[in-house]
file query.cif (mmCIF, C-alpha atoms)
data_input
loop_
_atom_site.group_PDB
_atom_site.id
_atom_site.type_symbol
_atom_site.label_atom_id
_atom_site.label_comp_id
_atom_site.auth_asym_id
_atom_site.auth_seq_id
_atom_site.Cartn_x
_atom_site.Cartn_y
_atom_site.Cartn_z
ATOM 1 C CA MET P 1 0.000 0.000 0.000
ATOM 2 C CA GLY P 2 1.441 3.373 -1.001
ATOM 3 C CA LEU P 3 1.904 6.311 1.345
ATOM 4 C CA SER P 4 -1.006 8.248 -0.156
ATOM 5 C CA GLN P 5 -3.324 5.233 0.199
ATOM 6 C CA THR P 6 -2.293 4.758 3.822
ATOM 7 C CA PHE P 7 -2.888 8.453 4.538
ATOM 8 C CA SER P 8 -6.253 8.272 2.804
ATOM 9 C CA LYS P 9 -7.253 5.239 4.874
ATOM 10 C CA ILE P 10 -6.262 6.985 8.112
ATOM 11 C CA LEU P 11 -8.342 10.032 7.138
ATOM 12 C CA THR P 12 -11.288 7.818 6.256
ATOM 13 C CA ASN P 13 -11.105 6.008 9.601
ATOM 14 C CA LEU P 14 -10.833 9.320 11.436
ATOM 15 C CA PHE P 15 -13.802 11.026 9.855
ATOM 16 C CA HIS P 16 -16.112 8.231 8.730
ATOM 17 C CA LYS P 17 -18.853 7.768 11.316
ATOM 18 C CA LYS P 18 -19.928 4.148 11.398
ATOM 19 C CA THR P 19 -23.676 3.559 11.447
ATOM 20 C CA SER P 20 -24.478 2.232 14.915
ATOM 21 C CA ARG P 21 -26.038 -1.187 15.086
ATOM 22 C CA ILE P 22 -28.820 -1.114 17.663
ATOM 23 C CA GLY P 23 -30.186 -4.430 18.895
ATOM 24 C CA ILE P 24 -33.727 -4.853 20.143
ATOM 25 C CA TYR P 25 -33.437 -7.417 22.908
ATOM 26 C CA GLY P 26 -35.842 -8.793 25.465
ATOM 27 C CA PRO P 27 -37.769 -11.870 26.525
ATOM 28 C CA PRO P 28 -40.123 -13.627 24.085
ATOM 29 C CA ASN P 29 -43.419 -11.850 23.388
ATOM 30 C CA ALA P 30 -42.284 -8.466 24.704
ATOM 31 C CA GLY P 31 -43.193 -6.810 21.382
ATOM 32 C CA LYS P 32 -39.749 -6.502 19.807
ATOM 33 C CA THR P 33 -40.783 -7.273 16.245
ATOM 34 C CA THR P 34 -43.782 -4.957 16.448
ATOM 35 C CA LEU P 35 -41.473 -2.111 17.463
ATOM 36 C CA ALA P 36 -38.864 -2.984 14.838
ATOM 37 C CA ASN P 37 -41.531 -2.995 12.136
ATOM 38 C CA ARG P 38 -42.907 0.333 13.375
ATOM 39 C CA ILE P 39 -39.475 1.980 13.371
ATOM 40 C CA ALA P 40 -38.728 0.667 9.878
ATOM 41 C CA LYS P 41 -42.137 1.772 8.606
ATOM 42 C CA GLU P 42 -42.009 5.262 10.135
ATOM 43 C CA TRP P 43 -38.389 6.173 9.412
ATOM 44 C CA SER P 44 -37.026 4.176 6.506
ATOM 45 C CA THR P 45 -36.951 5.685 3.029
ATOM 46 C CA GLY P 46 -36.730 3.864 -0.274
ATOM 47 C CA VAL P 47 -34.272 1.041 -0.821
ATOM 48 C CA GLU P 48 -32.024 1.786 2.148
ATOM 49 C CA GLY P 49 -34.700 1.197 4.730
ATOM 50 C CA THR P 50 -35.965 -2.185 3.688
ATOM 51 C CA VAL P 51 -36.156 -4.930 6.292
ATOM 52 C CA SER P 52 -34.374 -8.065 5.227
ATOM 53 C CA GLU P 53 -33.469 -11.416 6.690
ATOM 54 C CA ILE P 54 -29.739 -11.762 7.203
ATOM 55 C CA PRO P 55 -28.333 -14.960 5.727
ATOM 56 C CA HIS P 56 -25.631 -16.963 7.507
ATOM 57 C CA GLU P 57 -24.961 -14.535 10.346
ATOM 58 C CA THR P 58 -28.229 -15.385 12.014
ATOM 59 C CA ARG P 59 -31.274 -16.874 10.400
ATOM 60 C CA ARG P 60 -33.917 -15.212 12.475
ATOM 61 C CA ALA P 61 -32.559 -11.807 13.378
ATOM 62 C CA LEU P 62 -34.038 -9.154 11.107
ATOM 63 C CA ARG P 63 -32.229 -5.979 10.220
ATOM 64 C CA ALA P 64 -33.434 -2.652 8.902
ATOM 65 C CA GLU P 65 -30.485 -0.624 7.649
ATOM 66 C CA ASN P 66 -29.632 3.061 7.519
ATOM 67 C CA ILE P 67 -32.663 4.324 9.395
ATOM 68 C CA THR P 68 -32.455 8.019 10.203
ATOM 69 C CA ILE P 69 -34.550 9.112 13.169
ATOM 70 C CA THR P 70 -35.048 12.835 13.692
ATOM 71 C CA GLY P 71 -36.149 14.321 16.998
ATOM 72 C CA GLY P 72 -38.272 17.329 17.808
ATOM 73 C CA ASN P 73 -35.270 19.637 18.105
ATOM 74 C CA GLY P 74 -33.851 18.579 14.742
ATOM 75 C CA ARG P 75 -31.175 16.261 16.116
ATOM 76 C CA SER P 76 -30.984 12.903 14.381
ATOM 77 C CA ILE P 77 -29.271 9.517 14.404
ATOM 78 C CA THR P 78 -28.699 7.031 11.624
ATOM 79 C CA ILE P 79 -28.759 3.441 12.798
ATOM 80 C CA ASP P 80 -29.237 -0.159 11.765
ATOM 81 C CA ILE P 81 -31.981 -1.840 13.779
ATOM 82 C CA VAL P 82 -31.515 -5.530 14.585
ATOM 83 C CA ASP P 83 -34.607 -7.355 15.784
ATOM 84 C CA THR P 84 -33.432 -10.392 17.760
ATOM 85 C CA PRO P 85 -35.222 -13.569 18.901
ATOM 86 C CA GLY P 86 -36.576 -13.479 22.451
ATOM 87 C CA VAL P 87 -33.901 -14.439 24.935
ATOM 88 C CA THR P 88 -34.610 -17.420 27.157
ATOM 89 C CA THR P 89 -32.702 -20.151 28.997
ATOM 90 C CA LYS P 90 -35.076 -22.979 28.055
ATOM 91 C CA ILE P 91 -36.937 -24.165 24.973
ATOM 92 C CA ASP P 92 -39.150 -27.237 24.860
ATOM 93 C CA TYR P 93 -40.681 -28.229 21.542
ATOM 94 C CA ASN P 94 -43.787 -29.463 23.398
ATOM 95 C CA GLU P 95 -44.715 -25.811 23.982
ATOM 96 C CA PHE P 96 -45.143 -25.413 20.205
ATOM 97 C CA ILE P 97 -47.269 -28.569 20.068
ATOM 98 C CA GLU P 98 -49.600 -26.924 22.584
ATOM 99 C CA TYR P 99 -50.301 -24.320 19.884
ATOM 100 C CA GLY P 100 -51.468 -27.077 17.513
ATOM 101 C CA ILE P 101 -48.210 -27.455 15.584
ATOM 102 C CA ALA P 102 -47.250 -30.940 14.368
ATOM 103 C CA ARG P 103 -44.414 -32.682 16.245
ATOM 104 C CA ASP P 104 -41.841 -32.590 13.451
ATOM 105 C CA GLU P 105 -42.496 -28.928 12.769
ATOM 106 C CA ALA P 106 -42.400 -28.159 16.500
ATOM 107 C CA ILE P 107 -38.985 -29.828 16.778
ATOM 108 C CA ASP P 108 -37.733 -27.789 13.817
ATOM 109 C CA ARG P 109 -39.060 -24.573 15.349
ATOM 110 C CA ALA P 110 -37.416 -25.361 18.678
ATOM 111 C CA ARG P 111 -34.090 -26.058 16.977
ATOM 112 C CA GLU P 112 -34.286 -22.797 15.024
ATOM 113 C CA ALA P 113 -35.198 -20.924 18.201
ATOM 114 C CA THR P 114 -32.202 -22.307 20.095
ATOM 115 C CA GLU P 115 -29.923 -21.314 17.236
ATOM 116 C CA GLY P 116 -31.471 -17.852 17.123
ATOM 117 C CA VAL P 117 -31.019 -17.210 20.842
ATOM 118 C CA ALA P 118 -27.418 -18.467 20.767
ATOM 119 C CA GLU P 119 -26.661 -16.163 17.842
ATOM 120 C CA ALA P 120 -28.353 -13.195 19.495
ATOM 121 C CA MET P 121 -26.175 -13.665 22.572
ATOM 122 C CA HIS P 122 -23.092 -13.919 20.415
ATOM 123 C CA TRP P 123 -24.064 -10.722 18.578
ATOM 124 C CA LEU P 124 -24.484 -8.885 21.859
ATOM 125 C CA ARG P 125 -20.895 -9.695 22.805
ATOM 126 C CA GLU P 126 -19.421 -8.949 19.394
ATOM 127 C CA ASP P 127 -21.471 -6.767 17.127
ATOM 128 C CA ILE P 128 -23.981 -4.472 18.830
ATOM 129 C CA ASP P 129 -23.368 -0.780 19.627
ATOM 130 C CA GLY P 130 -26.489 -0.060 21.662
ATOM 131 C CA VAL P 131 -29.603 -1.792 22.954
ATOM 132 C CA ILE P 132 -33.310 -1.119 23.133
ATOM 133 C CA TYR P 133 -34.361 -3.518 25.867
ATOM 134 C CA MET P 134 -38.033 -4.389 25.564
ATOM 135 C CA MET P 135 -40.029 -5.432 28.587
ATOM 136 C CA ASP P 136 -43.674 -6.363 28.816
ATOM 137 C CA ALA P 137 -45.075 -3.825 31.288
ATOM 138 C CA THR P 138 -47.772 -6.313 32.329
ATOM 139 C CA ALA P 139 -45.156 -8.896 33.395
ATOM 140 C CA ASP P 140 -42.782 -9.200 36.356
ATOM 141 C CA PRO P 141 -39.761 -6.958 35.659
ATOM 142 C CA PHE P 142 -37.655 -9.098 38.006
ATOM 143 C CA ALA P 143 -37.887 -12.060 35.607
ATOM 144 C CA GLN P 144 -34.478 -13.704 35.581
ATOM 145 C CA VAL P 145 -33.895 -13.082 31.902
ATOM 146 C CA ASN P 146 -34.323 -9.325 32.474
ATOM 147 C CA ILE P 147 -31.919 -9.287 35.406
ATOM 148 C CA MET P 148 -29.300 -11.238 33.485
ATOM 149 C CA MET P 149 -29.645 -9.357 30.228
ATOM 150 C CA VAL P 150 -29.494 -5.903 31.812
ATOM 151 C CA GLY P 151 -26.389 -7.038 33.714
ATOM 152 C CA ILE P 152 -24.803 -8.354 30.520
ATOM 153 C CA ILE P 153 -25.591 -5.111 28.648
ATOM 154 C CA GLU P 154 -24.157 -3.036 31.522
ATOM 155 C CA SER P 155 -20.992 -5.128 31.570
ATOM 156 C CA ARG P 156 -20.483 -4.414 27.858
ATOM 157 C CA HIS P 157 -20.855 -0.672 28.628
ATOM 158 C CA LEU P 158 -23.471 -0.421 25.880
ATOM 159 C CA PRO P 159 -25.932 2.472 25.923
ATOM 160 C CA VAL P 160 -29.385 1.097 26.694
ATOM 161 C CA VAL P 161 -32.930 2.405 26.608
ATOM 162 C CA ILE P 162 -35.587 0.288 28.281
ATOM 163 C CA ALA P 163 -38.977 0.294 26.554
ATOM 164 C CA ALA P 164 -41.812 -0.562 28.939
ATOM 165 C CA ASN P 165 -44.122 -1.939 26.272
ATOM 166 C CA LYS P 166 -47.812 -2.840 26.137
ATOM 167 C CA THR P 167 -49.090 0.246 27.950
ATOM 168 C CA ASP P 168 -52.286 -0.234 25.944
ATOM 169 C CA LEU P 169 -53.143 -3.170 28.231
ATOM 170 C CA PRO P 170 -55.014 -2.524 31.504
ATOM 171 C CA ASP P 171 -52.525 -4.475 33.670
ATOM 172 C CA ALA P 172 -49.516 -2.511 32.418
ATOM 173 C CA SER P 173 -47.332 -0.968 35.116
ATOM 174 C CA PRO P 174 -44.294 0.841 33.661
ATOM 175 C CA GLN P 175 -43.585 2.165 37.157
ATOM 176 C CA ARG P 176 -42.625 -1.352 38.308
ATOM 177 C CA ILE P 177 -39.970 -1.430 35.593
ATOM 178 C CA LYS P 178 -38.718 2.040 36.551
ATOM 179 C CA THR P 179 -38.447 0.897 40.167
ATOM 180 C CA ALA P 180 -36.647 -2.310 39.187
ATOM 181 C CA PHE P 181 -34.102 -0.602 36.905
ATOM 182 C CA PRO P 182 -33.684 2.963 38.201
ATOM 183 C CA GLN P 183 -30.196 3.228 36.699
ATOM 184 C CA HIS P 184 -31.532 3.276 33.112
ATOM 185 C CA PRO P 185 -33.984 5.432 31.159
ATOM 186 C CA VAL P 186 -37.359 3.685 30.986
ATOM 187 C CA VAL P 187 -39.855 4.845 28.345
ATOM 188 C CA PRO P 188 -43.464 3.599 28.585
ATOM 189 C CA ILE P 189 -44.799 2.846 25.100
ATOM 190 C CA SER P 190 -47.265 0.812 23.134
ATOM 191 C CA SER P 191 -45.466 -0.464 20.058
ATOM 192 C CA LEU P 192 -48.813 -1.823 18.871
ATOM 193 C CA THR P 193 -50.745 1.463 18.907
ATOM 194 C CA GLY P 194 -47.745 3.774 18.621
ATOM 195 C CA THR P 195 -48.545 5.580 21.858
ATOM 196 C CA LYS P 196 -45.519 7.501 23.170
ATOM 197 C CA VAL P 197 -43.102 5.958 20.654
ATOM 198 C CA GLU P 198 -41.993 9.515 19.870
ATOM 199 C CA ASP P 199 -40.679 9.655 23.476
ATOM 200 C CA LEU P 200 -38.695 6.501 22.742
ATOM 201 C CA TYR P 201 -37.235 8.074 19.599
ATOM 202 C CA GLU P 202 -36.103 11.128 21.585
ATOM 203 C CA GLU P 203 -34.461 8.882 24.174
ATOM 204 C CA MET P 204 -32.806 6.824 21.428
ATOM 205 C CA ILE P 205 -31.348 9.982 19.883
ATOM 206 C CA ARG P 206 -30.010 11.032 23.279
ATOM 207 C CA ALA P 207 -28.578 7.602 24.118
ATOM 208 C CA PHE P 208 -27.234 6.393 20.761
ATOM 209 C CA ARG P 209 -25.734 9.554 19.269
ATOM 210 C CA MET A 1 -34.920 -43.343 47.934
ATOM 211 C CA GLN A 2 -35.947 -40.691 45.468
ATOM 212 C CA GLY A 3 -34.397 -37.302 45.742
ATOM 213 C CA VAL A 4 -32.545 -34.446 44.137
ATOM 214 C CA GLN A 5 -28.807 -33.865 44.385
ATOM 215 C CA ILE A 6 -27.824 -30.336 45.354
ATOM 216 C CA ASP A 7 -24.219 -29.177 44.897
ATOM 217 C CA LEU A 8 -23.107 -26.012 46.646
ATOM 218 C CA ILE A 9 -19.938 -24.563 45.135
ATOM 219 C CA SER A 10 -17.960 -22.087 47.197
ATOM 220 C CA ALA A 11 -16.815 -18.692 45.979
ATOM 221 C CA GLU A 12 -13.235 -19.781 46.649
ATOM 222 C CA ARG A 13 -13.504 -22.788 44.357
ATOM 223 C CA LEU A 14 -15.278 -20.781 41.659
ATOM 224 C CA SER A 15 -12.613 -18.079 41.745
ATOM 225 C CA LYS A 16 -9.955 -20.647 40.824
ATOM 226 C CA MET A 17 -11.824 -21.906 37.758
ATOM 227 C CA PRO A 18 -11.549 -20.452 34.251
ATOM 228 C CA SER A 19 -14.897 -19.289 32.872
ATOM 229 C CA MET A 20 -15.376 -22.091 30.361
ATOM 230 C CA GLU A 21 -14.510 -24.745 32.933
ATOM 231 C CA LYS A 22 -17.078 -23.221 35.273
ATOM 232 C CA ILE A 23 -19.794 -23.238 32.605
ATOM 233 C CA ARG A 24 -18.941 -26.776 31.522
ATOM 234 C CA LEU A 25 -19.135 -27.972 35.128
ATOM 235 C CA ILE A 26 -22.527 -26.313 35.629
ATOM 236 C CA LEU A 27 -24.015 -27.670 32.420
ATOM 237 C CA ASP A 28 -22.724 -31.207 33.019
ATOM 238 C CA LYS A 29 -24.206 -31.282 36.504
ATOM 239 C CA VAL A 30 -27.519 -29.722 35.483
ATOM 240 C CA ARG A 31 -27.899 -32.085 32.544
ATOM 241 C CA ASP A 32 -27.554 -34.937 35.055
ATOM 242 C CA GLY A 33 -30.424 -33.475 37.095
ATOM 243 C CA THR A 34 -28.322 -31.830 39.806
ATOM 244 C CA ILE A 35 -29.262 -28.471 41.306
ATOM 245 C CA VAL A 36 -26.174 -26.246 41.471
ATOM 246 C CA ILE A 37 -25.870 -23.389 43.950
ATOM 247 C CA LEU A 38 -23.020 -20.974 43.323
ATOM 248 C CA GLU A 39 -21.961 -18.930 46.340
ATOM 249 C CA SER A 40 -20.686 -16.062 44.222
ATOM 250 C CA GLY A 41 -22.586 -16.463 40.970
ATOM 251 C CA LEU A 42 -21.343 -15.801 37.471
ATOM 252 C CA SER A 43 -20.001 -12.704 35.768
ATOM 253 C CA PRO A 44 -22.212 -11.163 33.055
ATOM 254 C CA ASP A 45 -19.919 -12.549 30.350
ATOM 255 C CA GLU A 46 -20.174 -15.997 31.901
ATOM 256 C CA GLN A 47 -23.958 -15.685 32.069
ATOM 257 C CA SER A 48 -24.018 -14.731 28.404
ATOM 258 C CA SER A 49 -21.877 -17.738 27.485
ATOM 259 C CA LEU A 50 -23.996 -19.990 29.690
ATOM 260 C CA ILE A 51 -27.145 -18.990 27.791
ATOM 261 C CA GLU A 52 -25.405 -19.523 24.449
ATOM 262 C CA MET A 53 -24.014 -22.946 25.400
ATOM 263 C CA THR A 54 -27.309 -24.016 26.966
ATOM 264 C CA MET A 55 -29.088 -23.287 23.690
ATOM 265 C CA GLN A 56 -26.538 -25.370 21.802
ATOM 266 C CA GLU A 57 -27.154 -28.397 24.030
ATOM 267 C CA ILE A 58 -30.959 -28.506 23.975
ATOM 268 C CA LEU A 59 -32.271 -31.686 22.368
ATOM 269 C CA PRO A 60 -35.796 -32.930 21.552
ATOM 270 C CA ASP A 61 -37.005 -35.251 24.347
ATOM 271 C CA GLY A 62 -33.762 -34.606 26.204
ATOM 272 C CA PHE A 63 -32.229 -31.591 27.862
ATOM 273 C CA SER A 64 -34.660 -28.674 27.538
ATOM 274 C CA GLY A 65 -32.558 -25.946 29.113
ATOM 275 C CA ILE A 66 -31.906 -24.429 32.501
ATOM 276 C CA GLU A 67 -33.715 -22.464 35.130
ATOM 277 C CA ILE A 68 -31.443 -19.916 36.791
ATOM 278 C CA GLU A 69 -32.292 -17.698 39.722
ATOM 279 C CA THR A 70 -30.294 -14.892 41.236
ATOM 280 C CA TYR A 71 -30.831 -11.519 42.836
ATOM 281 C CA PRO A 72 -30.595 -8.338 40.806
ATOM 282 C CA SER A 73 -27.095 -6.877 40.910
ATOM 283 C CA LYS A 74 -26.468 -4.385 43.679
ATOM 284 C CA GLN A 75 -26.774 -0.787 42.594
ATOM 285 C CA LYS A 76 -23.416 0.416 41.432
ATOM 286 C CA SER A 77 -22.858 3.474 43.542
ATOM 287 C CA GLY A 78 -19.751 5.271 44.719
ATOM 288 C CA GLY A 79 -18.232 6.146 41.378
ATOM 289 C CA MET A 80 -15.551 4.627 39.230
ATOM 290 C CA LEU A 81 -12.829 4.623 41.891
ATOM 291 C CA SER A 82 -14.749 2.597 44.458
ATOM 292 C CA ARG A 83 -15.908 0.277 41.680
ATOM 293 C CA LEU A 84 -12.300 -0.348 40.728
ATOM 294 C CA VAL A 85 -11.328 -0.905 44.360
ATOM 295 C CA ARG A 86 -14.173 -3.327 45.012
ATOM 296 C CA GLY A 87 -13.952 -5.039 41.649
ATOM 297 C CA GLU A 88 -16.712 -6.589 39.564
ATOM 298 C CA ASN A 89 -16.825 -9.658 41.817
ATOM 299 C CA ASP A 90 -18.705 -7.634 44.419
ATOM 300 C CA PHE A 91 -21.687 -7.561 42.099
ATOM 301 C CA ARG A 92 -21.917 -11.348 41.703
ATOM 302 C CA ARG A 93 -24.742 -12.780 43.759
ATOM 303 C CA LEU A 94 -25.690 -16.218 45.009
ATOM 304 C CA THR A 95 -27.143 -18.159 42.080
ATOM 305 C CA VAL A 96 -29.259 -21.297 41.802
ATOM 306 C CA ILE A 97 -29.188 -23.252 38.532
ATOM 307 C CA GLY A 98 -31.143 -26.382 37.704
ATOM 308 C CA PRO A 99 -32.802 -28.281 34.889
ATOM 309 C CA ALA A 100 -35.736 -26.329 33.443
ATOM 310 C CA ASN A 101 -38.046 -29.304 33.947
ATOM 311 C CA GLN A 102 -37.169 -29.628 37.658
ATOM 312 C CA LEU A 103 -36.616 -26.137 39.033
ATOM 313 C CA ARG A 104 -39.472 -23.657 39.220
ATOM 314 C CA MET A 105 -39.440 -20.125 40.542
ATOM 315 C CA ILE A 106 -42.283 -19.417 42.947
ATOM 316 C CA ARG A 107 -41.461 -15.866 43.938
ATOM 317 C CA ARG A 108 -38.592 -13.522 43.269
ATOM 318 C CA ASP A 109 -37.980 -10.060 44.586
ATOM 319 C CA ARG A 110 -34.983 -7.763 44.857
ATOM 320 C CA ASP A 111 -33.854 -9.569 48.029
ATOM 321 C CA PHE A 112 -35.838 -12.800 48.145
ATOM 322 C CA ILE A 113 -36.074 -15.938 45.993
ATOM 323 C CA SER A 114 -38.420 -18.846 46.561
ATOM 324 C CA ALA A 115 -38.044 -21.864 44.271
ATOM 325 C CA TRP A 116 -39.570 -25.314 43.961
ATOM 326 C CA ILE A 117 -37.435 -28.342 43.091
ATOM 327 C CA SER A 118 -39.003 -31.569 41.856
ATOM 328 C CA SER A 119 -37.360 -34.943 41.302
ATOM 329 C CA ARG A 120 -37.202 -36.285 37.761
#

call {"tool": "encode", "arguments": {"input": "query.cif", "output": "structure tokens"}}
result
Amino acid sequence: MGLSQTFSKILTNLFHKKTSRIGIYGPPNAGKTTLANRIAKEWSTGVEGTVSEIPHETRRALRAENITITGGNGRSITIDIVDTPGVTTKIDYNEFIEYGIARDEAIDRAREATEGVAEAMHWLREDIDGVIYMMDATADPFAQVNIMMVGIIESRHLPVVIAANKTDLPDASPQRIKTAFPQHPVVPISSLTGTKVEDLYEEMIRAFR
Amino acid sequence: MQGVQIDLISAERLSKMPSMEKIRLILDKVRDGTIVILESGLSPDEQSSLIEMTMQEILPDGFSGIEIETYPSKQKSGGMLSRLVRGENDFRRLTVIGPANQLRMIRRDRDFISAWISSR
């Protein structure tokens, strides 16, 4: 490599701002995919914002690339959103059978789910710049997976915004989540109806810039 | 006599083990139906690896994963200096790990865990 090429590469590395890769993590059924779809729908433009399945890296994580989110004061961030499978420590194919799925298909689904969770954990250690941690505001915030995942995210020194989702449901209590994790910003939202998602966007801009 | 084996592993013993050896030990015991109680728990990186390795070992009609219970980490107060002095180990808490089909959480709070253990 010539001197001019080396100099050019150094300049590029100095001034090129990498697009942050933001992972949406959380337990199963917290509403991660609903939020990811909403973000992609509301902020993506043209070809760059399409949601696509990523081959080889992980078969179930979905990524929407180059999404620019602009806040009320004109500040903005450009990020890739990675929607990950729900994190759990146990998967039994019989749970799928209970939903009326045939045994062979249930076994396949369980196998794919285990692979997806393993890959999501690997991504968190290697390839994620920030996290939106989704919690179901109608569920116990002290669920073990929440305690572990927040601890893992903190240990990686990743910026995190906690979304207290499902505020459209009568049993929702975002305050329980705020009390459980006072060290992090907690934004009550409904990713289904879109209620207060603009507050989440503002917090994302603040945390992920 | 039917029963459940419970292994309590001291913080001293855990501190001498490399992370992967620790995780391997836990998974081998839990797969055999043993309940493992760690006096000092696992680091976040070890917890992350434990989840990943657990997923890789789940089999249809066999091992279906783990149940793991611990307290939330203590609030990290006192600034960077005191954190450095105390070290990350201060934030590891007593942890109970067992087979998902044998260990059930009954109640968990910031400072209280109640679990139910059944024999296979």

call {"tool": "closest_atom_pairs", "arguments": {"input": "query.cif", "of": "chain P", "to": "chain A", "cutoff": "6 Å", "atoms": "all atoms listed in the file", "output": "tab-separated table"}}
result
residue	atom	partner	partner_atom	distance
P:Thr89	CA	A:Ile66	CA	5.6
P:Lys90	CA	A:Gly65	CA	4.0
P:Ile91	CA	A:Ser64	CA	5.7
P:Asp92	CA	A:Ser64	CA	5.4
P:Thr114	CA	A:Met55	CA	4.9
P:Ala118	CA	A:Glu52	CA	4.3
P:Ile147	CA	A:Pro72	CA	5.6
P:Gly151	CA	A:Pro44	CA	5.9
P:Ile152	CA	A:Pro44	CA	4.6

call {"tool": "atom_distance", "arguments": {"input": "query.cif", "atom1": "CA of Ala163 in chain P", "atom2": "CA of Asp80 in chain P"}}
result
17.7 Å

call {"tool": "atom_distance", "arguments": {"input": "query.cif", "atom1": "CA of Ile132 in chain P", "atom2": "CA of Asp171 in chain P"}}
result
22.2 Å

call {"tool": "resolve_selection", "arguments": {"input": "query.cif", "expression": "the PyMOL selection byres ((chain P and resi 191) around 12)", "output": "PyMOL selection string"}}
result
chain P and resi 30-39+42+134-137+163-169+187-190+192-201

call {"tool": "atom_distance", "arguments": {"input": "query.cif", "atom1": "CA of Ile128 in chain P", "atom2": "CA of Val186 in chain P"}}
result
19.8 Å

call {"tool": "closest_residue", "arguments": {"input": "query.cif", "among": "P:Ala64, P:Ile77, P:Ile153, P:Met204", "to": "Glu126 in chain P", "atoms": "all atoms listed in the file"}}
result
P:Ile153

call {"tool": "closest_residue", "arguments": {"input": "query.cif", "among": "P:Asn73, P:Thr19, P:Thr88, P:Asn94", "to": "Ala113 in chain P", "atoms": "only C-alpha atoms"}}
result
P:Thr88

call {"tool": "build_atoms", "arguments": {"input": "query.cif", "residues": "range 160-173 of chain P", "atoms": "N, CA and C atoms", "output": "compact mmCIF listing (two decimals), in the frame of the given file"}}
result
# COMPACT_ATOMS: atom_id res chain seq x y z
N VAL P 160 -28.14 1.87 26.73
CA VAL P 160 -29.38 1.10 26.69
C VAL P 160 -30.57 2.00 27.02
N VAL P 161 -31.65 1.77 26.30
CA VAL P 161 -32.93 2.40 26.61
C VAL P 161 -33.92 1.27 26.85
N ILE P 162 -34.60 1.33 27.98
CA ILE P 162 -35.59 0.29 28.28
C ILE P 162 -36.96 0.78 27.82
N ALA P 163 -37.62 -0.02 26.99
CA ALA P 163 -38.98 0.29 26.55
C ALA P 163 -39.95 -0.55 27.37
N ALA P 164 -40.78 0.13 28.15
CA ALA P 164 -41.81 -0.56 28.94
C ALA P 164 -43.04 -0.68 28.05
N ASN P 165 -43.14 -1.79 27.35
CA ASN P 165 -44.12 -1.94 26.27
C ASN P 165 -45.48 -2.46 26.78
N LYS P 166 -46.45 -2.34 25.92
CA LYS P 166 -47.81 -2.84 26.14
C LYS P 166 -48.59 -1.96 27.11
N THR P 167 -48.33 -0.66 27.07
CA THR P 167 -49.09 0.25 27.95
C THR P 167 -50.55 0.36 27.53
N ASP P 168 -50.88 -0.22 26.37
CA ASP P 168 -52.29 -0.23 25.94
C ASP P 168 -53.10 -1.26 26.73
N LEU P 169 -52.42 -2.14 27.47
CA LEU P 169 -53.14 -3.17 28.23
C LEU P 169 -53.45 -2.67 29.65
N PRO P 170 -54.59 -3.07 30.20
CA PRO P 170 -55.01 -2.52 31.50
C PRO P 170 -54.07 -2.89 32.66
N ASP P 171 -53.39 -4.04 32.57
CA ASP P 171 -52.52 -4.47 33.67
C ASP P 171 -51.13 -3.86 33.60
N ALA P 172 -50.88 -3.04 32.60
CA ALA P 172 -49.52 -2.51 32.42
C ALA P 172 -49.11 -1.62 33.59
N SER P 173 -47.86 -1.80 34.04
CA SER P 173 -47.33 -0.97 35.12
C SER P 173 -45.87 -0.60 34.80
